[in-house]
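One structure below.
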Amino acid sequence: MMRKPLMIIIYGLATFIPLCGQTLISDFEKNSSSFDVGKMIPIGDMEMKIVDNPSRTGINTSKKVLRMVRRTEGKEQWAGFSIPVHPEWKDATEPEKYRYVHIKYFRTDARSEMRFKLFRQTFDENTIEKSSENKPEKVGVWEDMVFDLKTGKGNYENLSVMPDFCGARPAGITVYIDDIVFSNEPEPEMIFSERKPTVEMSTVYSSAVCLNVQKFPDVKYYEVYADGKRWLRSDSSEILVEKLKPLTDYRFRIRAVDHRGQKSEFSDECLVKTLNIGSLAIPADYSYKNVTRRGVTLCWSPVYKAQAYEIYENGVYYASTNLSEFEIKGLNPYSYYTYQIKAINEKESSGLSSPLHIVTNETEEQRNERMKWWREARFGMFIHWGVYAALEGKGRNHKKIGAPIEWQPCSRNHSDNMYGEWIMEKYDIPLKEYQENAKKLTLPVFDPDEWIGLAQAAGMKYVILGAKHHDGFCLWNTRTTDWNIVKSTPYGKDMVAQLSCSAKKQNMKFGLYFSQALDWANGGSGRRWDPDMNVRTFDEYIDEVGIPQIHELLSDFGKLDILWWDMPIEMTPERAAKYYSAVSQHYNIQKGLIQNDRLVNNIYCDNRIKPAEQRGDHNTPEQNIPDVPPTGYVDGRDWETCMTLNETWGYKANDTLWKSPTEIIRKLADIVSKGGNFLINIGPAPDGSFPEESTQILKTVGKWMEINGESIYGTISNPFQKGLPYGRCTRKVTSNNKTTLYLHVFDWPSNGMLLLPTHKEIRKAYLLADANREELLYTSCDAGQRLQVPLSAPDKINSVIVVELK
C-alpha cells in the first residue's frame, strides 16, 4: 500500500525532512558525524549512539541507525529519550492531521517492545502514551512499529521513544531504531517479498479484460498469470489482458517485481468470465464538455444494440438516459467527482466504463483564496537542468558528415540561443548518442538545500523545477522509463524528491515544470529525426507515458504548489482533457494546485475556444514583459513573466551575457507594478553547482529585497493610468480601504522634487530604506503633490518611497 507520510527526524540527529511519496530518508545518514547525544534528554540508564545498521535488509537498508543499550541491570522499566517538539514538527504532531506514527525497530532480545509518547511539559489528560498496535514478532529483523494517536488533542511540547528494558533484563540488551514517520497509513511497512497485491476487474470484453492491481512503491513490473500460466508482464498497474476466449472462465493472479528482482506474494485469485461475442460494448470515446461551477456534460459514442445508458456518480447510480450525452447539474463549486457509464438493453448490460475524473470550476472567492499566496509572492526561481547540461552548449551538425564540434554563439537575440536545453533537437543528435551523455552526470557538488537556499537568499518565495524537459529525461525515479536520473546516471538519486523535501523544510513553495507533449525519447509530438524515436504514436505517448508520469508527480511527492505545463505541440482540447482528468484525480492531495496556461495551444483548437478548465490560472509571457497598460491586463488576468538570468534556459558554458542586479530589480518592480509575477531562471552546471555569476547576482538582488521587499510582496498594480515617468508604483490596500503607495524611483530627481500624480490626502511619506521613517515634506500643485526628497538617491538601482494615503 502506498504511503504519503511526513517524516519527523529527531532534532539534533538531522534536520526536519518530509518523506515524499516513496522516498525513504534515513534519519541518521547525513549528520551522523556531528550527532550530539547530549542534546537529548535520556530516560533510564541507557547509552545512545549512531552506528552502522546491524542488518541492512528487509524494510531498512539505511547505513546509519540509532543504537540504545542498557548499561546495567536495574529496576527501571523503561529507557529511551525525550526531546522537545521542534517548531517545524508542530503540524506533523497534531493527531488531527496525522493519526499514526511509524518507527522502524530492530531488537536482539525477544522480550523487548517499545512505547511512544507525546506530552506537554507536565503530563495531563492530553498526554498520549502508546504501545505499538502491531506487537513485535521477530528478533534480528527490522520491523515497522505503528502507534495510534487517535486520542490526542494537540499542542504537544515533547515526544519520547522508549524501548522496554524492564524486569531482570541484563545489561547490554540492545535495540536499534530508525525513521520516525507521522502518517495516516495504519498498515506497517512490509518487506517486498511479503507484500500481497490486491487485484480488481474494472472492465470485461469478449476477448479481453482490464485488471487494476494495487500500486506498490519501487515496482518495476507486474507478472500476470492466467489459470496458473504466465500470460504477460506490465509496467502499468492498469493491465489489459488480451487474446482471451469468449464465454470462458479465467482465474487471474498477479505478483509484483521490484527493481532488484524481488518478487511479492501472489494476489488472491480474480475470477473473470469473458462476455459472449456480440455482447454490449462498454461506451467508448467517453469524455466531458462544458465544465461549470455547478455541472458538467458527459459524452460518449452510441453503443450498438444499447437501448439506454446508466450513469454512476462516485460509484453510485445517478441517472439513466437513452441519449449519448447527459448534463449533470447541482454540483458544488471546486469539488471532485468521478463518473462512469454503462450501456443496457432489456437482456444485458455492458461493463462500466473507466472513471472520468472531474473538478468543477470555482467561485471567484475560491479562486482568490487559492491564488492568494501566489499573488503575494511575486518573485520565484525557475530551474532548468538535465542531460543537456552535460553538453554545455556545444555539439556538431549531424546533417553534415564530418561536421566539427562547435560552440554555438550567444547573443541578445533569444532565438539564437536554443542550443542549451534544445541542443538535441537543434543538432539532430541521434537518441542513443544523446543518451550516452547521462553517464557524465555524477553531480559531485549538488546540494538541494543550497539550491533552495539561493532562492531564499534572493528573496524569492517559490521554486519551479524542470522535472522533465523536451528530451524526455526525468529527474525522478519514474516507473514509465529507465531514461531518468536514478537509472541512467552514476548519480542515481531522485532529484525531484530531494528538492521537494528541501523546499518543504525551508518553507518554500515548490512546483514542477512538465513537458506534456514534446518528448524526443518516448514518442511525443513534433519532429522526429531518428528512427529510434519512433517507439509509439503521440496518442500512445499520452496514454502510456505522459498521463502515468503526471500520476507519479502528483502522488509520489506530497503536496505540490504549482504545475507548469510547456510546449503544447499538437495538444488538442481532447488530448488536454485526458491530462485535466488525470490531474483532477489527485484533487484530495493537490487541492489548491496552480497551473499555467500552456496545457493546450490555440493553434490546435481548430478555431474553437479553449475550455475554461484548460486555460490555466495565469498567462506566461516568455523572455519579455508584456506591453500592457501601466495598470496591468484590462481583464485583470494573472500573469507571470519567465525570463533567463543570462540568455539560455539550460546550462551553456559560453553564455556570459548575464543580466545585472539593476536589470533584475527594475524588471521585478516593472512586472509587479503591472500586476504580474517574475520567474527568473537558473541553469545549473553539470556538476550540480550554480554558476558563480548567477549566485552573486541573486545575492545582490536579495540584499535589495531585504530592505525593500515590503514594496514587492503582497502588493498590487499601479493605480496611475499613465504610470510614472521616473519609475514604477506598487501599492497595498487594507481591509478598511487604506492605501499605501510604493514609488520605485529609477531616475532620481536632481532638484529634489518628486511629483505624485494624485490629490488624495497624504498621511505620511518616507524612504523605505530609512529605519527611522523620517517624514518627507510635500506640497500641493495642479498636477498632484510634490514630495521633497534628498538631492542624491539612497539606492542607485531603485530607491523606494512609501506614501501612506488617508
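Chain labels A, B, ... are given in the sequence in which chains occur in the C-alpha cells; within each chain residues are numbered consecutively from 1, and ligands are likewise numbered from 1 in the order shown.
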Excluding stretch 444-451 of chain A and its own-chain neighbours fewer than 3 positions away, which residues fall within 6 Å of it when counting only C-alpha atoms? Please give them as a PyMOL selection string. chain A and resi 454+499+502+687-688
All residues 9 Å or closer to A:Asp543, only C-alpha atoms, same chain fewer than 5 positions away omitted, as a list in words: Phe538, Pro548 and Lys578 of chain A
A:Tyr580: which residues within 9 Å, counting only C-alpha atoms, same-chain residues fewer than 6 positions away excluded, as a VMD selection string? chain A and resid 357 to 359 599 613 to 614
Selection file, N, CA and C atoms, as a PDB file, in the first residue's frame:
ATOM      1  N   HIS A 357     -12.609  11.654 -14.246  1.00  0.00           N
ATOM      2  CA  HIS A 357     -12.406  12.473 -13.050  1.00  0.00           C
ATOM      3  C   HIS A 357     -12.634  13.946 -13.388  1.00  0.00           C
ATOM      4  N   ILE A 358     -13.469  14.598 -12.614  1.00  0.00           N
ATOM      5  CA  ILE A 358     -13.874  15.983 -12.881  1.00  0.00           C
ATOM      6  C   ILE A 358     -13.721  16.811 -11.614  1.00  0.00           C
ATOM      7  N   VAL A 359     -13.176  18.012 -11.765  1.00  0.00           N
ATOM      8  CA  VAL A 359     -13.220  19.014 -10.701  1.00  0.00           C
ATOM      9  C   VAL A 359     -13.990  20.207 -11.248  1.00  0.00           C
ATOM     10  N   LEU A 599      -1.182  24.200 -21.220  1.00  0.00           N
ATOM     11  CA  LEU A 599      -1.614  22.813 -21.392  1.00  0.00           C
ATOM     12  C   LEU A 599      -2.032  22.550 -22.835  1.00  0.00           C
ATOM     13  N   GLU A 613     -11.482  25.120 -18.098  1.00  0.00           N
ATOM     14  CA  GLU A 613     -10.631  24.347 -17.187  1.00  0.00           C
ATOM     15  C   GLU A 613      -9.261  24.055 -17.786  1.00  0.00           C
ATOM     16  N   GLN A 614      -9.100  24.304 -19.120  1.00  0.00           N
ATOM     17  CA  GLN A 614      -7.815  24.075 -19.768  1.00  0.00           C
ATOM     18  C   GLN A 614      -7.043  25.364 -20.025  1.00  0.00           C
TER      19      GLN A 614
END
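Atom pair atom CA of A:Asn397 / atom CA of A:Met424: separated by 10.3 Å.
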List the spatial neighbours of A:Trp565 as a tab-separated table (two decimals) with N, CA and C atoms, in the first residue's frame - criterion: any atom at most 9 Å away, only C-alpha atoms, same-chain residues fewer than 5 positions off excluded.
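Once written, result.tsv looks like this:
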chain	number	residue	atom	x	y	z
A	512	LEU	N	6.51	22.02	-10.18
A	512	LEU	CA	7.22	21.23	-11.18
A	512	LEU	C	6.82	21.66	-12.59
A	513	TYR	N	7.82	21.83	-13.43
A	513	TYR	CA	7.65	22.05	-14.86
A	513	TYR	C	7.55	20.68	-15.52
A	514	PHE	N	6.65	20.53	-16.52
A	514	PHE	CA	6.46	19.24	-17.17
A	514	PHE	C	6.17	19.46	-18.64
A	515	SER	N	6.99	18.88	-19.52
A	515	SER	CA	6.76	18.92	-20.96
A	515	SER	C	5.79	17.81	-21.31
A	516	GLN	N	4.52	18.18	-21.50
A	516	GLN	CA	3.47	17.18	-21.63
A	516	GLN	C	3.32	16.64	-23.05
A	595	GLN	N	-1.98	26.07	-11.95
A	595	GLN	CA	-1.49	25.61	-13.25
A	595	GLN	C	-1.42	26.79	-14.21
A	596	ASN	N	-0.42	26.76	-15.10
A	596	ASN	CA	-0.28	27.85	-16.05
A	596	ASN	C	-1.12	27.61	-17.29
A	597	ASP	N	-0.90	28.42	-18.33
A	597	ASP	CA	-1.79	28.45	-19.49
A	597	ASP	C	-1.28	27.64	-20.68
A	598	ARG	N	-0.31	26.74	-20.49
A	598	ARG	CA	0.31	26.10	-21.64
A	598	ARG	C	-0.08	24.62	-21.81
A	599	LEU	N	-1.18	24.20	-21.22
A	599	LEU	CA	-1.61	22.81	-21.39
A	599	LEU	C	-2.03	22.55	-22.83
A	600	VAL	N	-2.78	23.47	-23.42
A	600	VAL	CA	-3.25	23.31	-24.79
A	600	VAL	C	-3.02	24.63	-25.52
When you look at A:Ile485 with a cut-off of 7 Å (counting only C-alpha atoms), what residues show up, excluding the ones that are within fewer than 2 positions of it in the same chain? I need them as a ChimeraX atom specification. /A:474-477,487-489,492-494
From a DSSP calculation on the backbone, collect every residue of stretch 466-546 of chain A in alpha helix (DSSP H) and output the set as a ChimeraX atom specification. /A:485-488,495-505,538-541
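Taking atom CA of A:Glu310 as the reference point, atom CA of A:Arg294 is found at 20.7 Å.
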Long-range neighbours of A:Tyr766 as a list in words, 7 Å cut-off, only C-alpha atoms, 3 positions minimum in chain: Arg773, Glu774, Glu775, Leu776, Ile801, Val802 and Val803 of chain A
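Considering the residues A:Trp529, A:Cys501, A:Tyr579, A:Ile423 and counting only C-alpha atoms, A:Lys559 has its shortest atom-to-atom contact with A:Cys501.
Taking only C-alpha atoms into account, A:Lys461 lies nearest to A:Tyr713 out of the set A:Tyr309, A:Phe557, A:Tyr337, A:Tyr713.
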Stretch 240-270 of chain A: which residues are strand (DSSP E) by DSSP, as an NGL selection string? :A and (240-241 or 249-258 or 270)
Using N, CA, C and O atoms, can you export the residues from the last selection as a compact mmCIF listing (two decimals), in the first residue's frame?
# COMPACT_ATOMS: atom_id res chain seq x y z
N LEU A 240 -4.31 -4.51 -19.36
CA LEU A 240 -5.25 -5.07 -20.33
C LEU A 240 -4.75 -6.45 -20.75
O LEU A 240 -3.68 -6.57 -21.35
N VAL A 241 -5.52 -7.48 -20.42
CA VAL A 241 -5.18 -8.86 -20.78
C VAL A 241 -6.00 -9.22 -22.01
O VAL A 241 -7.24 -9.24 -21.97
N ASP A 249 -14.28 -18.96 -18.46
CA ASP A 249 -13.86 -18.60 -17.10
C ASP A 249 -12.34 -18.57 -17.02
O ASP A 249 -11.66 -19.50 -17.50
N TYR A 250 -11.81 -17.51 -16.40
CA TYR A 250 -10.37 -17.38 -16.18
C TYR A 250 -10.11 -17.05 -14.71
O TYR A 250 -10.89 -16.34 -14.07
N ARG A 251 -8.99 -17.60 -14.22
CA ARG A 251 -8.54 -17.30 -12.85
C ARG A 251 -7.20 -16.55 -12.97
O ARG A 251 -6.21 -17.13 -13.40
N PHE A 252 -7.22 -15.29 -12.59
CA PHE A 252 -6.01 -14.47 -12.70
C PHE A 252 -5.36 -14.27 -11.33
O PHE A 252 -6.06 -14.07 -10.32
N ARG A 253 -4.04 -14.34 -11.33
CA ARG A 253 -3.24 -13.99 -10.14
C ARG A 253 -2.09 -13.12 -10.61
O ARG A 253 -1.55 -13.33 -11.71
N ILE A 254 -1.72 -12.15 -9.78
CA ILE A 254 -0.68 -11.19 -10.17
C ILE A 254 0.31 -11.03 -9.03
O ILE A 254 -0.06 -11.06 -7.85
N ARG A 255 1.58 -10.90 -9.40
CA ARG A 255 2.59 -10.55 -8.40
C ARG A 255 3.46 -9.41 -8.93
O ARG A 255 3.59 -9.22 -10.15
N ALA A 256 4.02 -8.65 -8.02
CA ALA A 256 4.86 -7.50 -8.37
C ALA A 256 6.33 -7.90 -8.30
O ALA A 256 6.73 -8.73 -7.49
N VAL A 257 7.14 -7.25 -9.15
CA VAL A 257 8.59 -7.46 -9.17
C VAL A 257 9.25 -6.09 -9.05
O VAL A 257 8.89 -5.16 -9.80
N ASP A 258 10.18 -5.94 -8.09
CA ASP A 258 10.82 -4.63 -7.92
C ASP A 258 12.10 -4.55 -8.75
O ASP A 258 12.47 -5.48 -9.47
N CYS A 270 -8.46 -13.66 -9.01
CA CYS A 270 -9.52 -12.80 -9.52
C CYS A 270 -10.25 -13.60 -10.60
O CYS A 270 -9.67 -13.92 -11.65
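Nearest to A:Pro404 of all the residues A:Phe119, A:Tyr427, A:Gly616, A:Leu593 is A:Tyr427, based on only C-alpha atoms.
The space between atom CA of A:Lys703 and atom CA of A:Leu791 spans 23.4 Å.
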Contact residues around A:Lys652 with only C-alpha atoms at 7 Å, ignoring same-chain residues under 6 positions, as a list in words: Glu392, Gly393 and Gly420 of chain A
Measuring atom to atom with only C-alpha atoms, identify which of A:Val199, A:Ala208, A:Ile589, A:Ile344 is nearest to A:Asp268. A:Val199
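Of the listed residues A:Lys153, A:Lys104, A:Lys738, A:Arg786, the one whose atoms come nearest to A:Asn751 is A:Arg786, with distances taken using only C-alpha atoms.
Proximity ranking of A:Asp227, A:Asp45, A:Glu269, A:Glu663 relative to A:Leu244 places A:Asp227 first, based on only C-alpha atoms.
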